[in-house]
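The next block holds one structure in the form of structure tokens; read it before the comments.
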Amino acid sequence: WSSPKSNIRKLEDATNDPRKKHLVLYDMWHDDVVEEILLLFRRYRDRCWISIEFRGCQEKHINAVLECALKMDIVHTIAFSLTNDRYDPTRQCHNSTFDIISRSMNNNQRLECLIFHSRPIHFIRYESLKHLNIKRLHFLEGILLHPQEISELAAGLKENHSLVSFSFLGGTQVSDKNNIARVGTSIGDITAGLFTVIGIQAALFNRTISKKGSY
């Protein structure tokens, strides 16, 4: 976004191209750029995205775009790839990203999945998880959690009755600044392999009965 006007034009071109399905917002440092993005969302209110990903953006800009996209119901998956701040309970935010997502989802039918490549400070109010009406929540490699966060995260998840899938993928770590341990195994590859085998077995079983192949 070092050249905001040219990037806004590129975004509008992508909005008009149905082949473009994934939107990545990187380093939105200007308030006027964010306003232009929101104007484009409203101008093309019937344009939906498979995913919107935030990389290196300021918190206020993320929250503005996030709230607008959710209220307009134009995105299926939201991903966060940002800086990984240290855990500090004294800096908990009562207007966290989880809170914003929760209150912006009235009448929202599309958002199904949240993916976190990091844990910025404004994600740490885990009690807000119980209000999230989503199906899938995934923490990917690069997350560094404090042991105290595990219990807070577990409590929030326990109260959430809409989640179908939750996972730590690719070696999420737990650290108390002195010791670091991985959370479980890298279950992403294991799960993908398991689903592949189940699919192959189901296809072979179907072929045995129907005498027809599958694709």
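Identifiers in this document derive from the order of the structure tokens: chains are assigned A, B, ..., residues are numbered from 1 separately in each chain, and ligands are numbered from 1 in order of occurrence.
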Who sits within 7 Å of region 57-63 of chain A, only C-alpha atoms, same chain under 2 positions skipped, as a ChimeraX atom specification
/A:26-29,34,54-55,65-67,97
For the residues in the current selection, export C-alpha atoms as an mmCIF file, in the first residue's frame.
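After the write, result20.cif holds the following:
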data_model
loop_
_atom_site.group_PDB
_atom_site.id
_atom_site.type_symbol
_atom_site.label_atom_id
_atom_site.label_comp_id
_atom_site.auth_asym_id
_atom_site.auth_seq_id
_atom_site.Cartn_x
_atom_site.Cartn_y
_atom_site.Cartn_z
ATOM 1 C CA TYR A 26 -1.204 -5.876 3.638
ATOM 2 C CA ASP A 27 0.083 -2.866 5.605
ATOM 3 C CA MET A 28 -2.956 -0.559 5.426
ATOM 4 C CA TRP A 29 -1.226 2.395 7.071
ATOM 5 C CA VAL A 34 -9.330 2.082 4.619
ATOM 6 C CA PHE A 54 -4.959 -9.335 7.166
ATOM 7 C CA ARG A 55 -1.150 -9.043 7.109
ATOM 8 C CA VAL A 65 -12.697 -3.542 7.568
ATOM 9 C CA LEU A 66 -13.676 -6.598 9.617
ATOM 10 C CA GLU A 67 -16.821 -5.010 11.009
ATOM 11 C CA THR A 97 -11.355 -8.850 17.586
#
I'd like the neighbourhood of Ser214 (chain A) as a PyMOL selection string, where a residue qualifies if any of its atoms comes within 9 Å (using only C-alpha atoms), though same-chain residues fewer than 4 positions away should be ignored.
chain A and resi 203-204+206-207
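Here CA of Ala69 (chain A) and CA of Ile115 (chain A) stand 16.1 Å from one another.
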What's the 9 Å shell around Ile37 (chain A), counting only C-alpha atoms, without same-chain residues fewer than 5 positions away, as a PDB file with N, CA and C atoms, in the first residue's frame?
ATOM      1  N   ILE A   8      -5.912   0.799  -4.798  1.00  0.00           N
ATOM      2  CA  ILE A   8      -7.371   0.882  -4.786  1.00  0.00           C
ATOM      3  C   ILE A   8      -7.925   0.538  -6.162  1.00  0.00           C
ATOM      4  N   LEU A  11      -7.716  -3.136  -6.551  1.00  0.00           N
ATOM      5  CA  LEU A  11      -8.762  -3.783  -5.769  1.00  0.00           C
ATOM      6  C   LEU A  11     -10.104  -3.697  -6.481  1.00  0.00           C
ATOM      7  N   GLU A  12     -10.388  -2.542  -7.076  1.00  0.00           N
ATOM      8  CA  GLU A  12     -11.647  -2.412  -7.806  1.00  0.00           C
ATOM      9  C   GLU A  12     -11.666  -3.318  -9.030  1.00  0.00           C
ATOM     10  N   ASP A  32      -7.282   6.988   4.894  1.00  0.00           N
ATOM     11  CA  ASP A  32      -8.033   7.228   3.666  1.00  0.00           C
ATOM     12  C   ASP A  32      -8.095   5.966   2.797  1.00  0.00           C
ATOM     13  N   ARG A  42     -19.116  -1.286  -0.069  1.00  0.00           N
ATOM     14  CA  ARG A  42     -20.520  -0.841  -0.113  1.00  0.00           C
ATOM     15  C   ARG A  42     -21.011  -0.657  -1.542  1.00  0.00           C
ATOM     16  N   VAL A  65     -12.412  -2.699   8.737  1.00  0.00           N
ATOM     17  CA  VAL A  65     -12.697  -3.542   7.568  1.00  0.00           C
ATOM     18  C   VAL A  65     -13.453  -4.792   7.988  1.00  0.00           C
TER      19      VAL A  65
END
Select, from A:Gly213, A:Glu112, A:His30, A:Tyr126, the residue with the minimum atom-to-atom distance to Ile150 (chain A), counting only C-alpha atoms.
A:Tyr126
Could you tell me how far CA of His117 (chain A) sits from CA of Val197 (chain A), in Å to one decimal place?
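Answer for the CA of Val197 (chain A) to CA of His117 (chain A) separation: 27.8 Å.
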Just the number, please: distance in Å from CA of Ile78 (chain A) to CA of Arg19 (chain A), one decimal.
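Answer for the CA of Ile78 (chain A) to CA of Arg19 (chain A) separation: 18.7 Å.
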Choose the residue, out of A:Ser210, A:Leu70, A:Leu129, A:Phe139, that has the smallest atom-to-atom separation from Ala154 (chain A); count only C-alpha atoms.
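For Ala154 (chain A), the nearest of the given residues is A:Leu129.
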Neighbours of Leu40 (chain A) within 12 Å (only C-alpha atoms; same-chain residues fewer than 3 positions away dropped), as a list of chain:residue names?
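Skipping anything fewer than 3 positions along the chain leaves A:Ile8, A:Arg9, A:Lys10, A:Leu11, A:Glu12, A:Asp13, A:Ala14, A:Thr15, A:Asn16, A:Val33, A:Val34, A:Glu35, A:Glu36, A:Ile37, A:Arg43, A:Tyr44, A:Arg45, A:Asp46, A:Arg47, A:Cys48, A:Val65, A:Cys68, A:Ala69, A:Met72.
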